[in-house]
file final05.txt (compact mmCIF, C-alpha atoms)
# COMPACT_ATOMS: atom_id res chain seq x y z
CA MET A 1 -17.76 8.19 -21.68
CA LEU A 2 -19.66 11.48 -21.51
CA LYS A 3 -23.43 11.05 -21.15
CA VAL A 4 -25.58 13.73 -22.79
CA ALA A 5 -29.27 13.90 -21.84
CA LEU A 6 -31.93 15.54 -23.97
CA VAL A 7 -34.54 17.06 -21.66
CA GLY A 8 -37.64 19.14 -22.21
CA ARG A 9 -41.39 18.99 -22.31
CA PRO A 10 -43.22 16.78 -24.89
CA ASN A 11 -43.03 17.48 -28.62
CA VAL A 12 -40.16 19.97 -28.61
CA GLY A 13 -38.10 17.68 -30.90
CA LYS A 14 -35.95 15.65 -28.49
CA SER A 15 -36.34 12.33 -30.29
CA SER A 16 -35.81 13.96 -33.68
CA LEU A 17 -32.56 15.54 -32.49
CA PHE A 18 -31.55 12.23 -30.88
CA ASN A 19 -31.91 10.45 -34.23
CA VAL A 20 -30.08 13.20 -36.14
CA LEU A 21 -27.12 13.18 -33.76
CA LEU A 22 -27.03 9.38 -33.77
CA GLY A 23 -27.12 9.19 -37.57
CA TYR A 24 -30.04 6.77 -37.91
CA ARG A 25 -33.62 6.37 -36.76
CA ARG A 26 -33.33 4.91 -33.26
CA THR A 27 -36.36 6.35 -31.48
CA ILE A 28 -39.98 6.75 -32.52
CA VAL A 29 -40.87 10.23 -33.78
CA LEU A 30 -44.55 11.13 -33.95
CA ASP A 31 -46.51 14.33 -33.51
CA GLU A 32 -48.07 12.78 -30.44
CA PRO A 33 -47.17 13.67 -26.83
CA GLY A 34 -45.77 10.85 -24.74
CA THR A 35 -44.49 8.69 -27.61
CA THR A 36 -41.17 8.13 -25.82
CA LEU A 37 -41.84 6.47 -22.45
CA ASP A 38 -38.44 5.31 -21.18
CA LEU A 39 -34.87 6.54 -20.88
CA ILE A 40 -33.05 5.42 -24.03
CA GLN A 41 -29.26 5.46 -24.19
CA GLU A 42 -27.13 4.98 -27.29
CA LYS A 43 -23.45 5.59 -28.09
CA VAL A 44 -22.65 7.79 -31.09
CA ASP A 45 -19.92 6.82 -33.57
CA TRP A 46 -18.41 10.30 -33.90
CA ALA A 47 -17.29 10.82 -30.28
CA ASN A 48 -16.74 9.11 -26.96
CA LEU A 49 -20.20 9.95 -25.71
CA ALA A 50 -23.67 8.48 -25.30
CA LEU A 51 -27.00 10.20 -25.88
CA ILE A 52 -29.92 9.78 -23.53
CA ASP A 53 -33.41 10.45 -24.86
CA SER A 54 -36.17 10.85 -22.32
CA GLN A 55 -39.89 11.10 -21.94
CA GLY A 56 -41.42 14.56 -22.08
CA ILE A 57 -41.93 16.43 -18.81
CA TYR A 58 -45.60 17.33 -18.43
CA SER A 59 -45.78 19.02 -15.03
CA GLU A 60 -44.13 19.39 -11.65
CA GLY A 61 -45.58 15.96 -10.88
CA ASP A 62 -42.73 14.57 -12.97
CA THR A 63 -40.08 15.85 -10.53
CA LYS A 64 -38.76 12.34 -9.78
CA VAL A 65 -38.49 11.51 -13.50
CA LEU A 66 -36.66 14.76 -14.26
CA HIS A 67 -34.16 14.18 -11.45
CA GLN A 68 -33.52 10.63 -12.73
CA ILE A 69 -32.77 11.97 -16.20
CA ILE A 70 -30.39 14.66 -14.94
CA GLU A 71 -28.63 12.28 -12.55
CA ALA A 72 -28.02 9.80 -15.40
CA ALA A 73 -26.22 12.49 -17.43
CA ASP A 74 -23.00 14.49 -17.26
CA VAL A 75 -24.35 17.35 -19.40
CA CYS A 76 -27.79 18.29 -20.74
CA LEU A 77 -29.30 19.59 -23.96
CA PHE A 78 -32.37 21.50 -22.79
CA MET A 79 -34.79 21.73 -25.71
CA VAL A 80 -37.56 24.29 -26.08
CA ASP A 81 -40.00 25.16 -28.87
CA ALA A 82 -39.56 28.57 -30.54
CA ILE A 83 -42.99 28.45 -32.20
CA ALA A 84 -44.91 27.58 -29.04
CA GLY A 85 -42.84 30.02 -26.97
CA MET A 86 -41.81 29.72 -23.36
CA THR A 87 -44.17 27.91 -20.99
CA PRO A 88 -44.29 27.56 -17.17
CA PHE A 89 -43.04 23.99 -17.62
CA ASP A 90 -39.93 25.29 -19.42
CA GLU A 91 -39.26 27.68 -16.54
CA TRP A 92 -39.71 24.91 -13.98
CA ILE A 93 -37.34 22.56 -15.84
CA SER A 94 -34.75 25.34 -16.12
CA ARG A 95 -34.82 25.91 -12.35
CA ILE A 96 -34.12 22.21 -11.72
CA LEU A 97 -31.27 22.29 -14.25
CA HIS A 98 -29.70 25.36 -12.62
CA ILE A 99 -29.86 23.65 -9.20
CA SER A 100 -28.12 20.55 -10.61
CA LYS A 101 -25.03 22.66 -11.52
CA LYS A 102 -24.48 20.49 -14.61
CA PRO A 103 -23.41 22.07 -17.93
CA VAL A 104 -26.47 22.90 -20.06
CA LEU A 105 -26.86 23.95 -23.67
CA LEU A 106 -30.22 25.62 -24.29
CA VAL A 107 -31.41 24.38 -27.71
CA ILE A 108 -34.20 26.53 -29.17
CA ASN A 109 -35.78 24.30 -31.81
CA LYS A 110 -38.13 25.01 -34.75
CA CYS A 111 -36.31 28.18 -35.75
CA GLU A 112 -37.01 27.82 -39.46
CA SER A 113 -37.30 31.61 -39.76
CA LYS A 114 -36.14 34.61 -37.76
CA LYS A 115 -39.73 35.42 -36.91
CA ALA A 116 -39.89 32.29 -34.82
CA TYR A 117 -37.36 33.52 -32.29
CA GLU A 118 -36.54 37.21 -32.81
CA ASP A 119 -38.85 38.17 -29.96
CA SER A 120 -37.92 35.11 -27.90
CA GLU A 121 -38.47 35.16 -24.17
CA PHE A 122 -36.02 32.31 -23.56
CA SER A 123 -33.30 34.73 -22.43
CA LYS A 124 -35.23 34.84 -19.14
CA LEU A 125 -34.09 31.26 -18.49
CA LYS A 126 -30.56 32.66 -17.92
CA PHE A 127 -28.44 30.00 -19.62
CA ASP A 128 -25.02 31.15 -20.78
CA GLU A 129 -24.83 28.75 -23.72
CA VAL A 130 -27.69 28.97 -26.26
CA ILE A 131 -28.17 27.81 -29.85
CA THR A 132 -31.11 28.24 -32.22
CA VAL A 133 -31.71 25.26 -34.51
CA SER A 134 -34.16 23.62 -36.85
CA VAL A 135 -33.82 19.88 -36.38
CA SER A 136 -36.15 19.18 -39.31
CA HIS A 137 -33.92 21.28 -41.61
CA ARG A 138 -30.65 20.12 -39.95
CA THR A 139 -29.53 23.70 -39.24
CA ASN A 140 -26.85 24.31 -36.60
CA ILE A 141 -26.62 20.60 -35.77
CA ASN A 142 -22.83 20.77 -36.11
CA PHE A 143 -22.72 23.41 -33.37
CA ILE A 144 -24.40 20.96 -30.99
CA LYS A 145 -21.89 18.25 -31.97
CA GLU A 146 -18.98 20.64 -31.38
CA TRP A 147 -20.38 21.60 -27.98
CA CYS A 148 -20.68 17.92 -27.03
CA LEU A 149 -17.14 17.22 -28.30
CA ALA A 150 -15.76 20.05 -26.20
CA LYS A 151 -17.48 18.68 -23.09
CA ALA A 152 -16.32 15.14 -23.91
CA GLY A 153 -12.70 16.25 -24.18
CA SER A 154 -12.15 15.77 -20.46
CA SER A 155 -14.35 12.69 -20.08
CA VAL A 156 -12.96 9.36 -18.92
CA GLU A 157 -12.73 6.52 -21.43
CA GLN A 158 -15.09 3.65 -20.74
CA ALA A 159 -14.58 0.09 -21.88
CA GLU A 160 -16.82 -1.44 -24.50
CA PRO A 161 -19.41 -3.91 -23.16
CA VAL A 162 -18.12 -7.47 -22.94
CA ILE A 163 -21.64 -8.72 -23.60
CA LYS A 164 -24.62 -7.14 -25.34
CA LEU A 165 -27.71 -9.02 -24.14
CA THR A 166 -31.13 -8.48 -25.74
CA LEU A 167 -34.48 -9.52 -24.25
CA VAL A 168 -37.28 -10.34 -26.71
CA GLY A 169 -40.75 -11.85 -26.53
CA ARG A 170 -44.37 -11.14 -27.21
CA PRO A 171 -46.10 -8.52 -25.00
CA ASN A 172 -46.32 -9.06 -21.25
CA THR A 173 -43.96 -12.02 -20.99
CA GLY A 174 -42.02 -10.23 -18.23
CA LYS A 175 -39.15 -8.67 -20.19
CA SER A 176 -39.14 -5.36 -18.34
CA THR A 177 -39.43 -7.05 -14.94
CA LEU A 178 -36.46 -9.28 -15.81
CA MET A 179 -34.51 -6.26 -17.09
CA ASN A 180 -34.96 -4.51 -13.75
CA ARG A 181 -34.00 -7.69 -11.86
CA LEU A 182 -30.78 -8.11 -13.82
CA CYS A 183 -29.86 -4.43 -13.49
CA LYS A 184 -30.89 -4.36 -9.82
CA LYS A 185 -32.71 -1.08 -10.37
CA GLU A 186 -35.81 0.18 -12.17
CA VAL A 187 -34.64 1.08 -15.66
CA SER A 188 -37.57 -0.22 -17.74
CA ARG A 189 -41.22 0.60 -17.18
CA VAL A 190 -43.37 -2.34 -16.03
CA SER A 191 -47.07 -2.34 -16.93
CA PRO A 192 -49.77 -4.86 -17.92
CA VAL A 193 -50.57 -2.58 -20.87
CA ALA A 194 -49.12 -3.88 -24.16
CA LEU A 195 -46.42 -1.78 -25.87
CA THR A 196 -45.51 0.15 -22.71
CA THR A 197 -41.95 -0.46 -23.89
CA ARG A 198 -41.80 0.98 -27.42
CA ASP A 199 -38.17 1.84 -28.11
CA PRO A 200 -35.50 -0.66 -27.03
CA VAL A 201 -34.37 0.41 -23.56
CA SER A 202 -30.72 -0.25 -22.68
CA HIS A 203 -28.71 -0.13 -19.48
CA GLU A 204 -25.04 -0.86 -18.75
CA PHE A 205 -23.52 -2.07 -15.50
CA GLU A 206 -20.24 -3.48 -14.28
CA THR A 207 -19.68 -7.14 -13.40
CA GLU A 208 -16.58 -9.03 -12.26
CA ASP A 209 -15.90 -9.88 -15.91
CA GLY A 210 -16.48 -6.38 -17.28
CA LEU A 211 -19.28 -4.23 -18.65
CA VAL A 212 -22.65 -5.78 -19.58
CA ARG A 213 -25.26 -4.03 -21.68
CA ILE A 214 -28.87 -5.26 -21.52
CA VAL A 215 -31.55 -4.19 -24.00
CA ASP A 216 -35.28 -4.54 -23.31
CA THR A 217 -37.32 -4.56 -26.53
CA ALA A 218 -40.95 -3.92 -27.34
CA GLY A 219 -43.25 -6.94 -27.25
CA MET A 220 -43.76 -8.30 -30.76
CA ARG A 221 -47.42 -9.03 -31.41
CA ARG A 222 -48.89 -11.24 -34.09
CA PRO A 223 -48.98 -9.68 -37.60
CA ARG A 224 -52.02 -7.57 -38.31
CA ALA A 225 -53.40 -6.28 -41.58
CA LYS A 226 -52.87 -2.71 -40.40
CA LYS A 227 -50.21 -1.73 -37.87
CA GLY A 228 -49.90 1.62 -36.13
CA SER A 229 -46.79 3.74 -36.64
CA ILE A 230 -45.52 3.00 -33.13
CA GLU A 231 -45.98 -0.75 -33.53
CA THR A 232 -44.30 -0.83 -36.95
CA PHE A 233 -41.26 1.04 -35.66
CA SER A 234 -41.08 -1.13 -32.53
CA ILE A 235 -40.87 -4.30 -34.65
CA GLN A 236 -38.10 -2.80 -36.81
CA ALA A 237 -36.18 -1.64 -33.74
CA THR A 238 -36.47 -5.07 -32.10
CA THR A 239 -35.12 -6.81 -35.19
CA ARG A 240 -32.21 -4.39 -35.32
CA ALA A 241 -31.48 -4.94 -31.62
CA ILE A 242 -31.34 -8.71 -32.19
CA ARG A 243 -28.86 -8.31 -35.06
CA GLU A 244 -26.59 -6.08 -32.99
CA SER A 245 -26.62 -8.29 -29.88
CA ASP A 246 -24.09 -10.86 -28.70
CA VAL A 247 -26.75 -13.07 -27.14
CA VAL A 248 -30.56 -13.09 -27.02
CA PHE A 249 -32.98 -14.28 -24.35
CA LEU A 250 -36.47 -15.12 -25.64
CA LEU A 251 -39.04 -14.96 -22.84
CA ILE A 252 -42.02 -17.32 -22.97
CA ASN A 253 -44.99 -17.04 -20.62
CA CYS A 254 -45.24 -20.71 -19.68
CA SER A 255 -48.45 -20.11 -17.70
CA GLU A 256 -50.22 -19.55 -21.03
CA GLN A 257 -50.59 -21.52 -24.24
CA ILE A 258 -47.78 -21.20 -26.76
CA THR A 259 -48.77 -18.88 -29.60
CA ASP A 260 -47.87 -18.52 -33.26
CA GLN A 261 -45.96 -15.37 -32.36
CA ASP A 262 -43.70 -17.33 -29.99
CA MET A 263 -42.94 -19.66 -32.91
CA ARG A 264 -42.23 -16.72 -35.23
CA LEU A 265 -39.77 -15.27 -32.73
CA LEU A 266 -37.96 -18.61 -32.53
CA SER A 267 -37.74 -18.68 -36.32
CA LEU A 268 -36.40 -15.11 -36.30
CA LEU A 269 -33.65 -16.09 -33.85
CA GLU A 270 -32.66 -19.08 -35.97
CA ARG A 271 -32.65 -16.95 -39.11
CA GLU A 272 -30.49 -14.23 -37.53
CA GLY A 273 -28.11 -16.84 -36.09
CA ARG A 274 -27.59 -15.13 -32.75
CA PRO A 275 -26.67 -17.21 -29.67
CA ALA A 276 -29.95 -17.57 -27.81
CA ALA A 277 -31.74 -19.18 -24.87
CA VAL A 278 -35.44 -19.62 -24.17
CA LEU A 279 -36.48 -18.44 -20.71
CA LEU A 280 -39.65 -20.09 -19.38
CA ASN A 281 -40.99 -17.25 -17.26
CA PHE A 282 -43.68 -17.55 -14.56
CA TRP A 283 -42.39 -21.06 -13.85
CA ASP A 284 -43.38 -20.61 -10.20
CA LEU A 285 -47.06 -20.51 -11.21
CA LEU A 286 -47.01 -24.10 -12.49
CA SER A 287 -47.56 -27.21 -10.37
CA SER A 288 -45.05 -30.07 -10.47
CA THR A 289 -47.34 -32.01 -12.81
CA GLU A 290 -47.78 -29.02 -15.12
CA LYS A 291 -44.01 -28.45 -15.27
CA LYS A 292 -43.37 -32.05 -16.30
CA GLU A 293 -46.17 -31.94 -18.85
CA TYR A 294 -44.84 -28.67 -20.29
CA ILE A 295 -41.35 -30.03 -20.88
CA GLU A 296 -42.19 -33.58 -21.94
CA ASN A 297 -45.54 -33.48 -23.72
CA SER A 298 -46.32 -29.95 -24.88
CA ASP A 299 -46.56 -29.05 -28.57
CA PHE A 300 -43.63 -26.76 -27.89
CA ARG A 301 -41.32 -29.66 -26.94
CA ASN A 302 -39.77 -30.08 -30.41
CA TYR A 303 -38.98 -26.37 -30.60
CA LEU A 304 -37.48 -26.33 -27.12
CA SER A 305 -35.05 -29.07 -28.15
CA HIS A 306 -33.32 -26.63 -30.54
CA PHE A 307 -32.46 -24.09 -27.82
CA VAL A 308 -31.00 -23.92 -24.35
CA THR A 309 -33.97 -23.52 -21.99
CA GLN A 310 -34.07 -22.10 -18.47
CA PRO A 311 -37.14 -21.95 -16.19
CA ILE A 312 -37.22 -18.63 -14.30
CA SER A 313 -39.45 -16.22 -12.46
CA GLY A 314 -38.69 -12.56 -13.00
CA LYS A 315 -41.12 -11.65 -10.24
CA THR A 316 -39.68 -13.86 -7.48
CA GLY A 317 -36.08 -13.98 -8.74
CA LEU A 318 -36.08 -17.75 -9.35
CA LYS A 319 -32.85 -18.75 -11.21
CA ILE A 320 -32.12 -15.12 -12.14
CA GLU A 321 -28.57 -15.36 -10.78
CA GLU A 322 -27.83 -18.07 -13.39
CA LEU A 323 -28.69 -15.93 -16.42
CA LEU A 324 -25.58 -13.78 -16.85
CA PRO A 325 -23.26 -16.82 -16.57
CA LEU A 326 -25.51 -18.53 -19.13
CA ALA A 327 -25.23 -15.54 -21.48
CA LYS A 328 -21.42 -15.59 -21.24
CA LYS A 329 -21.36 -19.35 -21.90
CA LEU A 330 -23.53 -18.95 -25.02
CA VAL A 331 -21.31 -16.16 -26.38
CA LYS A 332 -18.18 -18.24 -25.77
CA GLN A 333 -19.75 -21.24 -27.51
CA ALA A 334 -20.80 -19.16 -30.52
CA ASN A 335 -17.21 -17.97 -30.95
CA LYS A 336 -15.72 -21.44 -30.68
CA ARG A 337 -13.25 -22.26 -33.46
CA ILE A 338 -12.48 -25.86 -34.37
CA LYS A 339 -9.06 -26.81 -35.74
CA THR A 340 -9.28 -28.07 -39.31
CA SER A 341 -7.50 -31.32 -38.41
CA LYS A 342 -9.91 -32.08 -35.56
CA LEU A 343 -12.90 -31.07 -37.68
CA ASN A 344 -11.97 -33.48 -40.45
CA GLU A 345 -11.37 -36.31 -37.96
CA VAL A 346 -14.92 -35.78 -36.67
CA VAL A 347 -16.32 -35.53 -40.21
CA GLU A 348 -14.64 -38.79 -41.21
CA LYS A 349 -16.29 -40.60 -38.29
CA ILE A 350 -19.67 -39.03 -39.13
CA ILE A 351 -19.39 -40.23 -42.73
CA GLN A 352 -18.28 -43.72 -41.75
CA ARG A 353 -21.31 -44.02 -39.49
CA ASN A 354 -23.67 -42.94 -42.26
CA PRO A 355 -22.07 -42.51 -45.75
CA PRO A 356 -23.56 -40.16 -48.36
CA PRO A 357 -26.15 -41.94 -50.51
CA ASN A 358 -25.47 -43.23 -54.02
CA ALA A 359 -26.99 -41.18 -56.80
CA GLY A 360 -27.22 -42.00 -60.49
CA ARG A 361 -23.85 -41.60 -62.15
CA GLY A 362 -21.69 -41.80 -59.02
CA ASN A 363 -21.24 -41.45 -55.28
CA PHE A 364 -21.07 -38.27 -53.26
CA ASN A 365 -17.61 -37.97 -51.74
CA ILE A 366 -16.85 -35.38 -49.09
CA LEU A 367 -13.24 -34.37 -49.65
CA TYR A 368 -12.71 -32.18 -46.60
CA ALA A 369 -14.37 -29.57 -44.38
CA SER A 370 -13.33 -26.20 -43.01
CA GLN A 371 -14.69 -23.70 -40.50
CA VAL A 372 -14.82 -20.34 -42.25
CA ARG A 373 -16.20 -18.12 -39.49
CA VAL A 374 -17.58 -17.91 -35.95
CA ASP A 375 -20.70 -16.35 -34.44
CA PRO A 376 -22.42 -18.37 -35.69
CA PRO A 377 -19.96 -21.21 -36.35
CA THR A 378 -20.00 -21.72 -40.11
CA PHE A 379 -18.64 -24.79 -41.89
CA VAL A 380 -18.06 -25.47 -45.58
CA PHE A 381 -17.89 -29.04 -46.95
CA PHE A 382 -16.01 -29.49 -50.18
CA MET A 383 -17.25 -32.40 -52.30
CA ASN A 384 -16.59 -34.11 -55.61
CA ARG A 385 -20.14 -33.17 -56.53
CA LYS A 386 -22.96 -31.27 -54.88
CA ARG A 387 -25.99 -31.46 -57.13
CA ASN A 388 -28.93 -33.42 -55.67
CA LEU A 389 -27.28 -34.09 -52.30
CA PRO A 390 -30.43 -34.94 -50.30
CA GLU A 391 -31.56 -32.29 -47.85
CA SER A 392 -32.06 -35.02 -45.25
CA TYR A 393 -28.35 -35.86 -45.42
CA GLN A 394 -27.38 -32.22 -45.14
CA LYS A 395 -29.48 -32.00 -41.95
CA TYR A 396 -27.82 -35.18 -40.70
CA ILE A 397 -24.39 -33.59 -41.15
CA GLY A 398 -25.47 -30.44 -39.28
CA GLY A 399 -26.96 -32.39 -36.39
CA ALA A 400 -23.93 -34.67 -36.13
CA LEU A 401 -21.57 -31.67 -36.05
CA ARG A 402 -23.48 -30.15 -33.14
CA GLU A 403 -23.40 -33.46 -31.32
CA ASN A 404 -19.68 -34.14 -31.82
CA LEU A 405 -18.20 -30.64 -31.58
CA GLY A 406 -19.81 -29.46 -28.36
CA LEU A 407 -22.25 -27.20 -30.19
CA LYS A 408 -25.52 -28.67 -28.96
CA LYS A 409 -28.47 -26.29 -29.13
CA GLN A 410 -26.28 -23.79 -30.97
CA THR A 411 -27.15 -22.16 -34.28
CA ILE A 412 -24.60 -23.20 -36.91
CA ARG A 413 -24.36 -22.74 -40.67
CA VAL A 414 -23.36 -25.59 -42.99
CA PHE A 415 -22.67 -25.16 -46.71
CA PHE A 416 -21.73 -27.71 -49.38
CA ARG A 417 -19.57 -26.89 -52.38
CA GLY A 418 -19.14 -29.25 -55.31
CA ASN A 419 -16.82 -29.49 -58.27
CA GLU A 420 -17.31 -26.48 -60.54
CA ARG A 421 -18.16 -28.82 -63.43
CA ASP A 422 -20.94 -30.44 -61.40
call {"tool": "encode", "arguments": {"input": "final05.txt", "output": "structure tokens"}}
result
Amino acid sequence: MLKVALVGRPNVGKSSLFNVLLGYRRTIVLDEPGTTLDLIQEKVDWANLALIDSQGIYSEGDTKVLHQIIEAADVCLFMVDAIAGMTPFDEWISRILHISKKPVLLVINKCESKKAYEDSEFSKLKFDEVITVSVSHRTNINFIKEWCLAKAGSSVEQAEPVIKLTLVGRPNTGKSTLMNRLCKKEVSRVSPVALTTRDPVSHEFETEDGLVRIVDTAGMRRPRAKKGSIETFSIQATTRAIRESDVVFLLINCSEQITDQDMRLLSLLEREGRPAAVLLNFWDLLSSTEKKEYIENSDFRNYLSHFVTQPISGKTGLKIEELLPLAKKLVKQANKRIKTSKLNEVVEKIIQRNPPPNAGRGNFNILYASQVRVDPPTFVFFMNRKRNLPESYQKYIGGALRENLGLKKQTIRVFFRGNERD
């Protein structure tokens, strides 16, 4: 897969172009320098290539960051601002790009009129391939796509990830630290400042079982009457990342009191139906007594019983080696399909143990059940009647299925269908 990096100083339009080429709003776009803080990689659906958006380069003090961006890419789209004109930073970036020997397309943005670039000094940068564009007006975007397609023609095919793992949690629960631990390199910025991670940051690496993609999301804070633009987008991007993932790890800071936002995130995971585990981070900070109290007597105990839980420490590496095998196990369990014959044998035993209640003009009779989909496992019960089947009995059926089908602590969906005349 060809990797295409967008490089340039702040506010030249990198994130806007990234979103246009991708086809949807993936990164935050604001008229505010430094909005994008991390390297963000995403595969496009129109070619075998991935785009890499990057933070703006402010000065020569960002040499290390610039080299990381270039090294992560096969080719580069070097963006400059026609209205602002060429700056010393542009010249410095161009020198680094020339030294790298990687193919570069110079993209002169904000060329809404000829006046913006007719006296351009950018020819001094000495790039052979140049295009003038207006990202906001979508002009000459197809040229950039064609250039990328031409470069991707000789690229090597790369397998799709076998697992897409997303890390979620409220701010400062250790998501970025864990991300770096799992990837065995610094790919996500770690800071005690909330919302340091704004866009979901992804990284792919090879394992014995194939490619794994991990996504670090922005910390989701409690709802406020008025949210900033960055925070609003971060929440939307996190929700989208959850929906597109194969498995989700929710990080909880177990050295602090459980918050309403932790509960909301648990509800979000249940609602989205993704395979998930709760990681109790900073477990090393608790005493033996505190650990026992947390598991057995905390207000969070009832919620923990619905999910697989794993105490960890992202800082020290405690239990980190168990997480990828856990993710694979959860994905496998979510895609488990039960034979109809076995399912109905189990259902018959469940009903014999606790039959449906009598109701008015007749009994509820479950005729048969069928699994209609996986991920999450979804079951439909066909009945002689459905109306007024107590919710408590429906919950009993769901719980009994988990218990008897090896789906403990797994999100499942259960539906009941009655006679059409009911």
call {"tool": "residues_near_point", "arguments": {"input": "final05.txt", "point": "(-25.8, 0.5, -25.9)", "cutoff": "9 Å", "atoms": "only C-alpha atoms", "output": "PyMOL selection string"}}
result
chain A and resi 40-43+50+161+164+201-204+213-215
call {"tool": "closest_residue", "arguments": {"input": "final05.txt", "among": "A:Glu71, A:Ile163, A:Asn354, A:Ala400", "to": "Gly210 in chain A", "atoms": "all atoms listed in the file"}}
result
A:Ile163
call {"tool": "closest_residue", "arguments": {"input": "final05.txt", "among": "A:Arg385, A:Gly406, A:Ile93, A:Arg181", "to": "Gln333 in chain A", "atoms": "all atoms listed in the file"}}
result
A:Gly406
call {"tool": "axis_aligned_box", "arguments": {"input": "final05.txt", "around": "range 319-325 of chain A", "padding_each_side": "4 Å", "output": "JSON"}}
result
{"center_x": -28.1, "center_y": -16.3, "center_z": -13.8, "size_x": 17.6, "size_y": 13.0, "size_z": 14.1}
call {"tool": "closest_atom_pairs", "arguments": {"input": "final05.txt", "of": "range 295-389 of chain A", "to": "range 275-291 of chain A", "cutoff": "12 Å", "atoms": "all atoms listed in the file", "output": "CSV"}}
result
residue,atom,partner,partner_atom,distance
A:Ile295,CA,A:Lys291,CA,6.4
A:Glu296,CA,A:Lys291,CA,8.6
A:Asn297,CA,A:Glu290,CA,9.9
A:Ser298,CA,A:Glu290,CA,9.9
A:Phe300,CA,A:Val278,CA,11.5
A:Arg301,CA,A:Val278,CA,12.0
A:Tyr303,CA,A:Val278,CA,10.0
A:Leu304,CA,A:Val278,CA,7.6
A:Ser305,CA,A:Val278,CA,10.3
A:His306,CA,A:Ala277,CA,9.5
A:Phe307,CA,A:Ala277,CA,5.8
A:Val308,CA,A:Ala277,CA,4.8
A:Thr309,CA,A:Val278,CA,4.7
A:Gln310,CA,A:Leu279,CA,4.9
A:Pro311,CA,A:Leu280,CA,4.5
A:Ile312,CA,A:Asn281,CA,5.0
A:Ser313,CA,A:Phe282,CA,4.9
A:Gly314,CA,A:Asn281,CA,6.7
A:Lys315,CA,A:Phe282,CA,7.7
A:Thr316,CA,A:Asp284,CA,8.2
A:Gly317,CA,A:Asp284,CA,10.0
A:Leu318,CA,A:Asp284,CA,7.9
A:Lys319,CA,A:Trp283,CA,10.2
A:Ile320,CA,A:Leu279,CA,10.2
A:Glu322,CA,A:Leu279,CA,11.3
A:Leu323,CA,A:Leu279,CA,9.2
A:Leu324,CA,A:Ala277,CA,11.5
A:Leu326,CA,A:Ala277,CA,8.5
A:Ala327,CA,A:Ala276,CA,8.2
A:Lys328,CA,A:Pro275,CA,10.1
A:Lys329,CA,A:Pro275,CA,9.7
A:Leu330,CA,A:Pro275,CA,5.9
A:Val331,CA,A:Pro275,CA,6.4
A:Lys332,CA,A:Pro275,CA,9.4
A:Gln333,CA,A:Pro275,CA,8.3
A:Ala334,CA,A:Pro275,CA,6.2
A:Asn335,CA,A:Pro275,CA,9.6
A:Lys336,CA,A:Pro275,CA,11.8
A:Val374,CA,A:Pro275,CA,11.1
A:Asp375,CA,A:Pro275,CA,7.7
A:Pro376,CA,A:Pro275,CA,7.5
A:Pro377,CA,A:Pro275,CA,10.3
call {"tool": "residues_around", "arguments": {"input": "final05.txt", "residues": "Ser188 in chain A", "least_positions_apart": "5", "cutoff": "7 Å", "atoms": "all atoms listed in the file", "output": "ChimeraX atom specification"}}
result
/A:38,176,179-180,201
call {"tool": "closest_residue", "arguments": {"input": "final05.txt", "among": "A:Glu129, A:Ser267, A:Arg337, A:Ile366", "to": "Leu407 in chain A", "atoms": "all atoms listed in the file"}}
result
A:Arg337
call {"tool": "atom_distance", "arguments": {"input": "final05.txt", "atom1": "CA of Phe379 in chain A", "atom2": "CA of Val346 in chain A"}}
result
12.7 Å
call {"tool": "closest_residue", "arguments": {"input": "final05.txt", "among": "A:Val414, A:Asn404, A:Ser392, A:Phe18", "to": "Thr378 in chain A", "atoms": "all atoms listed in the file"}}
result
A:Val414
call {"tool": "atom_distance", "arguments": {"input": "final05.txt", "atom1": "CA of Gln257 in chain A", "atom2": "CA of Lys408 in chain A"}}
result
26.5 Å
call {"tool": "atom_distance", "arguments": {"input": "final05.txt", "atom1": "CA of Cys76 in chain A", "atom2": "CA of Lys126 in chain A"}}
result
14.9 Å
call {"tool": "closest_residue", "arguments": {"input": "final05.txt", "among": "A:Leu2, A:Ile242, A:Leu251, A:Val130", "to": "Thr177 in chain A", "atoms": "all atoms listed in the file"}}
result
A:Leu251
call {"tool": "residues_around", "arguments": {"input": "final05.txt", "residues": "Leu22 in chain A", "least_positions_apart": "2", "cutoff": "10 Å", "atoms": "all atoms listed in the file", "output": "compact mmCIF listing (two decimals) with C-alpha atoms, in the coordinates of the input"}}
result
# COMPACT_ATOMS: atom_id res chain seq x y z
CA SER A 16 -35.81 13.96 -33.68
CA LEU A 17 -32.56 15.54 -32.49
CA PHE A 18 -31.55 12.23 -30.88
CA ASN A 19 -31.91 10.45 -34.23
CA VAL A 20 -30.08 13.20 -36.14
CA TYR A 24 -30.04 6.77 -37.91
CA ARG A 25 -33.62 6.37 -36.76
CA ARG A 26 -33.33 4.91 -33.26
CA GLU A 42 -27.13 4.98 -27.29
CA LYS A 43 -23.45 5.59 -28.09
CA VAL A 44 -22.65 7.79 -31.09
CA ASP A 45 -19.92 6.82 -33.57
CA TRP A 46 -18.41 10.30 -33.90
CA ALA A 50 -23.67 8.48 -25.30
CA LEU A 51 -27.00 10.20 -25.88
